[in-house]
Amino acid sequence: MSKNWNCLHRTMTLVAVFAAVASVSPALGQVTKTYSVTHNISLTPGGNILPTVAAFHYQHAYVADTSSSGNCQEDLVAPPDSGAAISQPAAWQPYGRDELRRRATVRNFGPTGFATDDTTIATIAIPATGLASTPFTETTAPAAPPPPPPPFCDSIATATSTIQVDPFTAGGTITGTISSTGLATAAASAARQTRKAYAFSMAALTATGGRLLRNGNIRMNRTVRDQASGSAQAMTAGIRDPIEYVVTDLVTLEVFEGTLHAVDLDVTTHEDAAGFVWETDLVDILAGTDVALVIDQDNALISAPGYLELRTQGDVVTVSNDTGVYEGVLPAVGTPLPLTFALASEVVFDYDLGEFGGHDLEVTLTFSENGEGDTPSDDPFVPAVSEWGVLVLALLVLGAGTVVVRRRSGKPAPA
């Protein structure tokens, strides 16, 4: 009786232990990350010149979802000079992330490092008659009732770049709009199932001309929205929008390049309804949002230099620096979230890249932006740290049960 009770006790203990393991792996609710970045751009050259204008765009969307029928995996990017979807290039990191680089290029990277050099994905030549608002979109295929044959995806990702340019003439102002929007939704899943969605899009305009483009006036108005909804899990996004220049001296063949103005924004949301919004001259940072915002236009080539750096962590402002045209606009260190403060959505300045000895020049100005949404990945094969202790306990109990069985098997059978 005692021996049978011991075996039953150990069996019940194992059941309880493994139930405890399951209990620390709860089902995961749906999470969504959305972004919207828009820039209205105005460039007035310093002389009577008709620049060559071009546009660039790139979209990347993927899902990896073991909670869907057929273990759905889908990874789509925009190919060169097209808006149609293709599979991610073989040389790129499987289900990697992207980063906006110099001169409207993109670099792809993943857990093992960068997979590509800076790459131009899709280019559009813009005529002087302009370009009507044109969207370019990549969307992973969601499930639709009735569901298609597996595999199909409960999660979904969509990345869109939109470009518009008004007609322009020699000596006139070039105006246009670039926009990067996207959505990444990781569907609800049972415990210990992987689900991940990712969206990245970029758009850019360039103007290239001769010596008369070396100076002029730039006006740019922006709207930035990065928001999360669903379960309280960390979700990240990186947003960039530099204004860059490249000057080639056609006499010495020297190349000079740099940045006139740049915004770098990293947003990590930790709660449902967290996020960052910058529009109509106001910034809103919601509770549960870690932000690293840097505006760098601290150089002698423009008429309105300044620098701004704001960081939040743990629902409080941890870094607050502002100089030049941004002096006095930021809340003080220690200010709690949520918070709202005034920050001009429009940047305006004259620029002068220099004389270059009166030499003939080729000058290119690049206006670029990106948006990004990245939802969690829950690896079904790697226990969380808090689960290891429970698993070790289970193995110890199982080992004890094995020893008892061996001892019993070594005894002679009763007569």
# chains A, B, ... in the order shown; residues from 1 in each chain; ligands from 1

$ select_by_dssp --residues "range 124-218 of chain A" --states "strand (DSSP E or B)" --output "short mmCIF file (atom, residue, chain, number, x, y, z; two decimals) with N, CA and C atoms, in the first residue's frame"
data_model
loop_
_atom_site.label_atom_id
_atom_site.label_comp_id
_atom_site.auth_asym_id
_atom_site.auth_seq_id
_atom_site.Cartn_x
_atom_site.Cartn_y
_atom_site.Cartn_z
N ILE A 124 12.20 56.23 -59.28
CA ILE A 124 11.26 56.79 -60.24
C ILE A 124 11.78 58.14 -60.70
N ALA A 125 11.93 58.33 -62.01
CA ALA A 125 12.28 59.64 -62.56
C ALA A 125 11.02 60.51 -62.60
N ILE A 126 11.10 61.72 -62.04
CA ILE A 126 9.94 62.60 -61.97
C ILE A 126 10.05 63.66 -63.07
N LEU A 131 4.21 64.36 -60.42
CA LEU A 131 3.71 62.98 -60.22
C LEU A 131 2.51 63.05 -59.29
N ALA A 132 1.37 62.52 -59.76
CA ALA A 132 0.20 62.46 -58.90
C ALA A 132 0.48 61.51 -57.74
N SER A 133 -0.24 61.70 -56.64
CA SER A 133 -0.03 60.88 -55.45
C SER A 133 -0.11 59.40 -55.81
N THR A 134 0.99 58.67 -55.57
CA THR A 134 1.10 57.28 -55.99
C THR A 134 1.54 56.43 -54.81
N PRO A 135 0.70 55.47 -54.39
CA PRO A 135 1.10 54.59 -53.30
C PRO A 135 1.76 53.31 -53.83
N PHE A 136 2.69 52.79 -53.05
CA PHE A 136 3.33 51.51 -53.32
C PHE A 136 3.21 50.68 -52.04
N THR A 137 2.62 49.50 -52.14
CA THR A 137 2.25 48.75 -50.94
C THR A 137 2.68 47.30 -51.04
N GLU A 138 3.17 46.77 -49.92
CA GLU A 138 3.35 45.33 -49.74
C GLU A 138 2.47 44.88 -48.59
N THR A 139 1.68 43.82 -48.81
CA THR A 139 0.79 43.30 -47.77
C THR A 139 0.89 41.79 -47.74
N PRO A 142 -3.65 37.87 -45.40
CA PRO A 142 -4.33 37.47 -44.17
C PRO A 142 -5.29 36.32 -44.44
N CYS A 153 -2.39 33.04 -42.95
CA CYS A 153 -1.85 33.83 -41.84
C CYS A 153 -2.97 34.48 -41.05
N ILE A 156 -0.82 39.74 -39.76
CA ILE A 156 -0.77 40.49 -41.02
C ILE A 156 0.19 41.65 -40.89
N ALA A 157 0.85 42.00 -41.98
CA ALA A 157 1.73 43.17 -42.03
C ALA A 157 1.52 43.89 -43.35
N THR A 158 1.47 45.22 -43.28
CA THR A 158 1.29 46.05 -44.47
C THR A 158 2.24 47.24 -44.39
N ALA A 159 2.96 47.48 -45.48
CA ALA A 159 3.89 48.61 -45.56
C ALA A 159 3.61 49.39 -46.84
N THR A 160 3.45 50.70 -46.72
CA THR A 160 3.11 51.54 -47.87
C THR A 160 4.01 52.77 -47.93
N SER A 161 4.47 53.09 -49.13
CA SER A 161 5.18 54.35 -49.40
C SER A 161 4.35 55.12 -50.43
N THR A 162 4.15 56.42 -50.19
CA THR A 162 3.38 57.25 -51.10
C THR A 162 4.21 58.48 -51.48
N ILE A 163 4.18 58.81 -52.77
CA ILE A 163 5.00 59.91 -53.30
C ILE A 163 4.12 60.80 -54.18
N GLN A 164 4.27 62.12 -54.01
CA GLN A 164 3.56 63.09 -54.84
C GLN A 164 4.47 64.29 -55.08
N VAL A 165 4.52 64.77 -56.33
CA VAL A 165 5.34 65.94 -56.68
C VAL A 165 4.51 66.86 -57.56
N ILE A 174 10.23 73.69 -55.92
CA ILE A 174 9.84 72.29 -56.06
C ILE A 174 9.11 71.88 -54.78
N THR A 175 7.88 71.40 -54.93
CA THR A 175 7.09 70.99 -53.77
C THR A 175 6.57 69.57 -53.98
N GLY A 176 6.47 68.85 -52.90
CA GLY A 176 5.97 67.48 -52.98
C GLY A 176 5.74 66.91 -51.59
N THR A 177 5.21 65.70 -51.55
CA THR A 177 4.90 65.02 -50.30
C THR A 177 5.39 63.58 -50.37
N ILE A 178 6.05 63.13 -49.32
CA ILE A 178 6.40 61.72 -49.18
C ILE A 178 5.77 61.21 -47.89
N SER A 179 5.34 59.95 -47.92
CA SER A 179 4.66 59.38 -46.76
C SER A 179 5.01 57.91 -46.63
N SER A 180 5.25 57.48 -45.40
CA SER A 180 5.52 56.07 -45.10
C SER A 180 4.56 55.64 -44.00
N THR A 181 3.72 54.66 -44.31
CA THR A 181 2.73 54.18 -43.35
C THR A 181 2.79 52.66 -43.28
N GLY A 182 2.34 52.11 -42.14
CA GLY A 182 2.36 50.67 -42.04
C GLY A 182 1.63 50.16 -40.81
N LEU A 183 1.41 48.86 -40.81
CA LEU A 183 0.73 48.17 -39.73
C LEU A 183 1.33 46.78 -39.60
N ALA A 184 1.58 46.37 -38.37
CA ALA A 184 2.05 45.00 -38.09
C ALA A 184 1.20 44.45 -36.95
N THR A 185 0.44 43.41 -37.23
CA THR A 185 -0.43 42.79 -36.24
C THR A 185 -0.02 41.34 -36.04
N ALA A 186 0.37 41.01 -34.82
CA ALA A 186 0.63 39.62 -34.45
C ALA A 186 -0.62 39.09 -33.76
N SER A 189 -2.44 34.03 -29.85
CA SER A 189 -1.99 32.65 -30.04
C SER A 189 -2.01 31.92 -28.72
N ARG A 195 4.66 34.06 -32.89
CA ARG A 195 3.92 34.92 -33.82
C ARG A 195 4.66 36.25 -33.89
N LYS A 196 4.92 36.72 -35.09
CA LYS A 196 5.66 37.95 -35.29
C LYS A 196 5.20 38.60 -36.58
N ALA A 197 5.10 39.92 -36.55
CA ALA A 197 4.77 40.68 -37.76
C ALA A 197 5.69 41.90 -37.82
N TYR A 198 6.06 42.28 -39.05
CA TYR A 198 7.01 43.38 -39.22
C TYR A 198 6.65 44.16 -40.48
N ALA A 199 6.74 45.49 -40.37
CA ALA A 199 6.50 46.36 -41.53
C ALA A 199 7.53 47.49 -41.52
N PHE A 200 8.05 47.79 -42.71
CA PHE A 200 9.01 48.88 -42.87
C PHE A 200 8.77 49.50 -44.24
N SER A 201 8.72 50.82 -44.28
CA SER A 201 8.59 51.50 -45.58
C SER A 201 9.39 52.79 -45.55
N MET A 202 9.90 53.17 -46.72
CA MET A 202 10.64 54.43 -46.84
C MET A 202 10.25 55.11 -48.14
N ALA A 203 10.40 56.43 -48.14
CA ALA A 203 10.15 57.23 -49.34
C ALA A 203 11.14 58.38 -49.34
N ALA A 204 11.52 58.82 -50.54
CA ALA A 204 12.52 59.89 -50.64
C ALA A 204 12.34 60.65 -51.94
N LEU A 205 12.75 61.92 -51.91
CA LEU A 205 12.86 62.76 -53.11
C LEU A 205 14.27 63.31 -53.20
N THR A 206 14.80 63.38 -54.41
CA THR A 206 16.10 64.02 -54.63
C THR A 206 15.97 65.07 -55.72
N ALA A 207 16.79 66.11 -55.59
CA ALA A 207 16.90 67.15 -56.63
C ALA A 207 18.38 67.29 -56.95
N THR A 208 18.72 67.17 -58.23
CA THR A 208 20.11 67.24 -58.68
C THR A 208 20.25 68.34 -59.72
N GLY A 209 21.27 69.18 -59.54
CA GLY A 209 21.50 70.26 -60.50
C GLY A 209 22.92 70.76 -60.42
N ASN A 215 22.94 76.74 -53.07
CA ASN A 215 22.27 77.49 -52.00
C ASN A 215 20.79 77.63 -52.33
N GLY A 216 20.03 78.02 -51.33
CA GLY A 216 18.59 78.15 -51.53
C GLY A 216 17.85 78.13 -50.20
N ASN A 217 16.57 77.77 -50.26
CA ASN A 217 15.72 77.75 -49.08
C ASN A 217 14.98 76.42 -49.01
N ILE A 218 14.87 75.89 -47.80
CA ILE A 218 14.17 74.63 -47.57
C ILE A 218 13.10 74.85 -46.50
#

$ atom_distance --atom1 "CA of Val77 in chain A" --atom2 "CA of Phe109 in chain A"
14.0 Å

$ atom_distance --atom1 "CA of Asn299 in chain A" --atom2 "CA of Arg219 in chain A"
16.9 Å

$ residues_around --residues "range 337-342 of chain A" --least-positions-apart "2" --cutoff "8 Å" --atoms "only C-alpha atoms" --output "list of chain:residue names"
A:Asp281, A:Leu282, A:Val283, A:Asp284, A:Ile285, A:Leu286, A:Ala287, A:Gly288, A:Asp315, A:Val316, A:Val317, A:Val329, A:Leu330, A:Pro331, A:Thr335, A:Ala344

$ write_last_selection --atoms "N, CA and C atoms" --output "JSON list (two decimals), in the first residue's frame"
[["chain", "number", "residue", "atom", "x", "y", "z"],
["A", 281, "ASP", "N", 2.39, 71.02, -34.40],
["A", 281, "ASP", "CA", 3.25, 71.74, -33.45],
["A", 281, "ASP", "C", 3.13, 71.24, -32.01],
["A", 282, "LEU", "N", 2.67, 70.02, -31.81],
["A", 282, "LEU", "CA", 2.59, 69.43, -30.48],
["A", 282, "LEU", "C", 3.16, 68.01, -30.49],
["A", 283, "VAL", "N", 3.83, 67.66, -29.40],
["A", 283, "VAL", "CA", 4.30, 66.29, -29.19],
["A", 283, "VAL", "C", 3.55, 65.69, -28.02],
["A", 284, "ASP", "N", 3.01, 64.49, -28.22],
["A", 284, "ASP", "CA", 2.36, 63.73, -27.15],
["A", 284, "ASP", "C", 3.14, 62.43, -26.94],
["A", 285, "ILE", "N", 3.57, 62.18, -25.72],
["A", 285, "ILE", "CA", 4.21, 60.91, -25.37],
["A", 285, "ILE", "C", 3.35, 60.26, -24.31],
["A", 286, "LEU", "N", 2.79, 59.10, -24.64],
["A", 286, "LEU", "CA", 1.85, 58.44, -23.75],
["A", 286, "LEU", "C", 2.57, 57.57, -22.73],
["A", 287, "ALA", "N", 1.88, 57.25, -21.65],
["A", 287, "ALA", "CA", 2.46, 56.39, -20.61],
["A", 287, "ALA", "C", 2.85, 55.04, -21.21],
["A", 288, "GLY", "N", 3.92, 54.45, -20.67],
["A", 288, "GLY", "CA", 4.39, 53.17, -21.16],
["A", 288, "GLY", "C", 5.21, 53.26, -22.42],
["A", 315, "ASP", "N", 8.55, 55.84, -17.70],
["A", 315, "ASP", "CA", 7.51, 56.86, -17.57],
["A", 315, "ASP", "C", 8.01, 58.16, -16.96],
["A", 316, "VAL", "N", 9.28, 58.52, -17.25],
["A", 316, "VAL", "CA", 9.81, 59.79, -16.78],
["A", 316, "VAL", "C", 10.85, 60.29, -17.78],
["A", 317, "VAL", "N", 11.00, 61.61, -17.91],
["A", 317, "VAL", "CA", 12.03, 62.18, -18.77],
["A", 317, "VAL", "C", 13.39, 61.99, -18.10],
["A", 329, "VAL", "N", 12.48, 74.50, -25.32],
["A", 329, "VAL", "CA", 11.21, 73.88, -25.72],
["A", 329, "VAL", "C", 10.93, 72.58, -24.97],
["A", 330, "LEU", "N", 11.94, 71.93, -24.40],
["A", 330, "LEU", "CA", 11.76, 70.60, -23.83],
["A", 330, "LEU", "C", 11.34, 70.64, -22.36],
["A", 331, "PRO", "N", 10.58, 69.63, -21.92],
["A", 331, "PRO", "CA", 10.29, 69.50, -20.49],
["A", 331, "PRO", "C", 11.55, 69.10, -19.73],
["A", 335, "THR", "N", 10.24, 65.01, -15.46],
["A", 335, "THR", "CA", 8.83, 65.19, -15.81],
["A", 335, "THR", "C", 8.19, 63.84, -16.08],
["A", 344, "ALA", "N", 7.66, 72.76, -32.86],
["A", 344, "ALA", "CA", 7.26, 73.10, -34.23],
["A", 344, "ALA", "C", 7.35, 71.89, -35.15]]

$ residues_around --residues "Leu301 in chain A" --least-positions-apart "2" --cutoff "9 Å" --atoms "only C-alpha atoms" --output "PyMOL selection string"
chain A and resi 260+298-299+303+305+350-354

$ atom_distance --atom1 "CA of Ile41 in chain A" --atom2 "CA of Glu346 in chain A"
9.8 Å

$ closest_residue --among "A:Val319, A:Thr140, A:Val347, A:Glu369" --to "Gly334 in chain A" --atoms "only C-alpha atoms"
A:Val319
